[in-house]
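Visitor: Let me begin by handing over the structure; questions about it come next.
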Amino acid sequence: MTILLSDFFYLLTLLLDLTALVLVLEWVLYFVPGAPLNGARKLVFNLTFPLLSWSERFFSIRLGSFNSRGLLTAVLLLAVSCLGLPWLILYSYSLRG
């Protein structure tokens with residue numbers, strides 16, 4: 001059971017890291033000019049829209065045309081995956097006895 005729990009936390013770490021990567025990619029694609037990237041922008045925006053709508057309530061810091069909601073959400077997800085989940089993985093291994 002503890003192996004399954006640790007595997008779940010490893011999978012959750014991977015999912016949080018990939019989500020943060022997509023959020024940073026969305027932020028970078030927003031600032032890169034060019035009409036050929038509109039399809040990629042639309043795809044990445046559709047992937048990140050649930051997180052962006054959730055994070056707008058908590059992380060809506062605007063400085064001019066810069067909107068930091070996606071970037072701050074990515075930082076939060078990376079912090080949880082790098083600082084929080086490894087402790088849960090270690091704790092799940094200690095449950096074996």
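We name chains A, B, ... following the order of the structure tokens; residues begin at 1 in each chain, and ligands are numbered from 1 as shown.
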Would you kindly return, as an NGL selection string, each protein, DNA or RNA residue with an atom no farther than 9 Å from any atom of Thr13 of chain A, considering only C-alpha atoms and excluding same-chain residues fewer than 4 positions away?

Guide: :A and (8-9 or 17-18 or 78 or 80-82 or 85-86)

Visitor: Identify, with DSSP run on backbone atoms, the residues in chain A assigned to alpha helix (DSSP H), and express the list as a ChimeraX atom specification.

Guide: /A:2-31,38-55,69-79,85-94

Visitor: Could you save the residues just selected, with C-alpha atoms, as a PDB file, in the first residue's frame?

Guide:
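So the final result, stored in out-v8.pdb, reads:
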ATOM      1  CA  THR A   2       2.820   2.393   0.789  1.00  0.00           C
ATOM      2  CA  ILE A   3       4.423   1.757  -2.605  1.00  0.00           C
ATOM      3  CA  LEU A   4       1.148   2.767  -4.283  1.00  0.00           C
ATOM      4  CA  LEU A   5       1.003   5.887  -2.140  1.00  0.00           C
ATOM      5  CA  SER A   6       4.541   6.899  -3.042  1.00  0.00           C
ATOM      6  CA  ASP A   7       3.887   6.156  -6.723  1.00  0.00           C
ATOM      7  CA  PHE A   8       0.811   8.384  -6.549  1.00  0.00           C
ATOM      8  CA  PHE A   9       2.914  11.215  -5.123  1.00  0.00           C
ATOM      9  CA  TYR A  10       5.529  10.714  -7.855  1.00  0.00           C
ATOM     10  CA  LEU A  11       2.767  10.901 -10.465  1.00  0.00           C
ATOM     11  CA  LEU A  12       1.352  14.018  -8.798  1.00  0.00           C
ATOM     12  CA  THR A  13       4.809  15.603  -8.874  1.00  0.00           C
ATOM     13  CA  LEU A  14       5.085  14.875 -12.578  1.00  0.00           C
ATOM     14  CA  LEU A  15       1.614  16.291 -13.216  1.00  0.00           C
ATOM     15  CA  LEU A  16       2.359  19.494 -11.288  1.00  0.00           C
ATOM     16  CA  ASP A  17       5.662  19.964 -13.106  1.00  0.00           C
ATOM     17  CA  LEU A  18       4.015  19.480 -16.515  1.00  0.00           C
ATOM     18  CA  THR A  19       1.226  21.885 -15.607  1.00  0.00           C
ATOM     19  CA  ALA A  20       3.756  24.497 -14.531  1.00  0.00           C
ATOM     20  CA  LEU A  21       5.655  23.986 -17.791  1.00  0.00           C
ATOM     21  CA  VAL A  22       2.482  24.523 -19.835  1.00  0.00           C
ATOM     22  CA  LEU A  23       1.669  27.669 -17.825  1.00  0.00           C
ATOM     23  CA  VAL A  24       5.128  29.096 -18.460  1.00  0.00           C
ATOM     24  CA  LEU A  25       4.822  28.149 -22.138  1.00  0.00           C
ATOM     25  CA  GLU A  26       1.493  29.986 -22.295  1.00  0.00           C
ATOM     26  CA  TRP A  27       3.098  33.031 -20.702  1.00  0.00           C
ATOM     27  CA  VAL A  28       6.005  32.967 -23.192  1.00  0.00           C
ATOM     28  CA  LEU A  29       3.731  32.469 -26.209  1.00  0.00           C
ATOM     29  CA  TYR A  30       1.677  35.451 -25.118  1.00  0.00           C
ATOM     30  CA  PHE A  31       4.664  37.774 -25.496  1.00  0.00           C
ATOM     31  CA  ASN A  38      -2.107  31.789 -33.061  1.00  0.00           C
ATOM     32  CA  GLY A  39      -3.006  28.093 -33.279  1.00  0.00           C
ATOM     33  CA  ALA A  40      -0.453  27.208 -30.603  1.00  0.00           C
ATOM     34  CA  ARG A  41      -1.624  30.108 -28.429  1.00  0.00           C
ATOM     35  CA  LYS A  42      -5.225  28.936 -28.695  1.00  0.00           C
ATOM     36  CA  LEU A  43      -4.308  25.332 -27.847  1.00  0.00           C
ATOM     37  CA  VAL A  44      -2.193  26.293 -24.844  1.00  0.00           C
ATOM     38  CA  PHE A  45      -4.830  28.770 -23.638  1.00  0.00           C
ATOM     39  CA  ASN A  46      -7.537  26.092 -23.818  1.00  0.00           C
ATOM     40  CA  LEU A  47      -5.317  23.763 -21.781  1.00  0.00           C
ATOM     41  CA  THR A  48      -4.586  26.351 -19.110  1.00  0.00           C
ATOM     42  CA  PHE A  49      -7.933  28.150 -18.942  1.00  0.00           C
ATOM     43  CA  PRO A  50      -9.230  26.236 -15.859  1.00  0.00           C
ATOM     44  CA  LEU A  51      -6.084  27.097 -13.899  1.00  0.00           C
ATOM     45  CA  LEU A  52      -6.027  30.675 -15.133  1.00  0.00           C
ATOM     46  CA  SER A  53      -9.654  31.293 -14.186  1.00  0.00           C
ATOM     47  CA  TRP A  54      -9.028  29.807 -10.725  1.00  0.00           C
ATOM     48  CA  SER A  55      -5.850  31.766 -10.158  1.00  0.00           C
ATOM     49  CA  ARG A  69      -1.617  35.093 -12.874  1.00  0.00           C
ATOM     50  CA  GLY A  70      -0.207  32.226 -14.950  1.00  0.00           C
ATOM     51  CA  LEU A  71       3.385  32.808 -13.935  1.00  0.00           C
ATOM     52  CA  LEU A  72       2.613  33.006 -10.222  1.00  0.00           C
ATOM     53  CA  THR A  73       0.451  29.891 -10.440  1.00  0.00           C
ATOM     54  CA  ALA A  74       3.361  28.078 -12.125  1.00  0.00           C
ATOM     55  CA  VAL A  75       5.694  29.189  -9.334  1.00  0.00           C
ATOM     56  CA  LEU A  76       3.201  27.939  -6.745  1.00  0.00           C
ATOM     57  CA  LEU A  77       2.875  24.557  -8.477  1.00  0.00           C
ATOM     58  CA  LEU A  78       6.651  24.198  -8.745  1.00  0.00           C
ATOM     59  CA  ALA A  79       7.064  25.102  -5.081  1.00  0.00           C
ATOM     60  CA  LEU A  85       5.611  16.413  -2.238  1.00  0.00           C
ATOM     61  CA  PRO A  86       9.088  14.952  -1.559  1.00  0.00           C
ATOM     62  CA  TRP A  87       8.283  15.078   2.152  1.00  0.00           C
ATOM     63  CA  LEU A  88       5.084  13.148   1.527  1.00  0.00           C
ATOM     64  CA  ILE A  89       7.024  10.589  -0.499  1.00  0.00           C
ATOM     65  CA  LEU A  90       9.530  10.136   2.331  1.00  0.00           C
ATOM     66  CA  TYR A  91       6.699   9.853   4.819  1.00  0.00           C
ATOM     67  CA  SER A  92       4.970   7.197   2.738  1.00  0.00           C
ATOM     68  CA  TYR A  93       8.160   5.110   2.708  1.00  0.00           C
ATOM     69  CA  SER A  94       8.423   5.386   6.471  1.00  0.00           C
TER      70      SER A  94
END

Visitor: Just the strand (DSSP E or B) stuff from chain A, please, per backbone DSSP, written as a ChimeraX atom specification.

Guide: /A:62-63,66-67
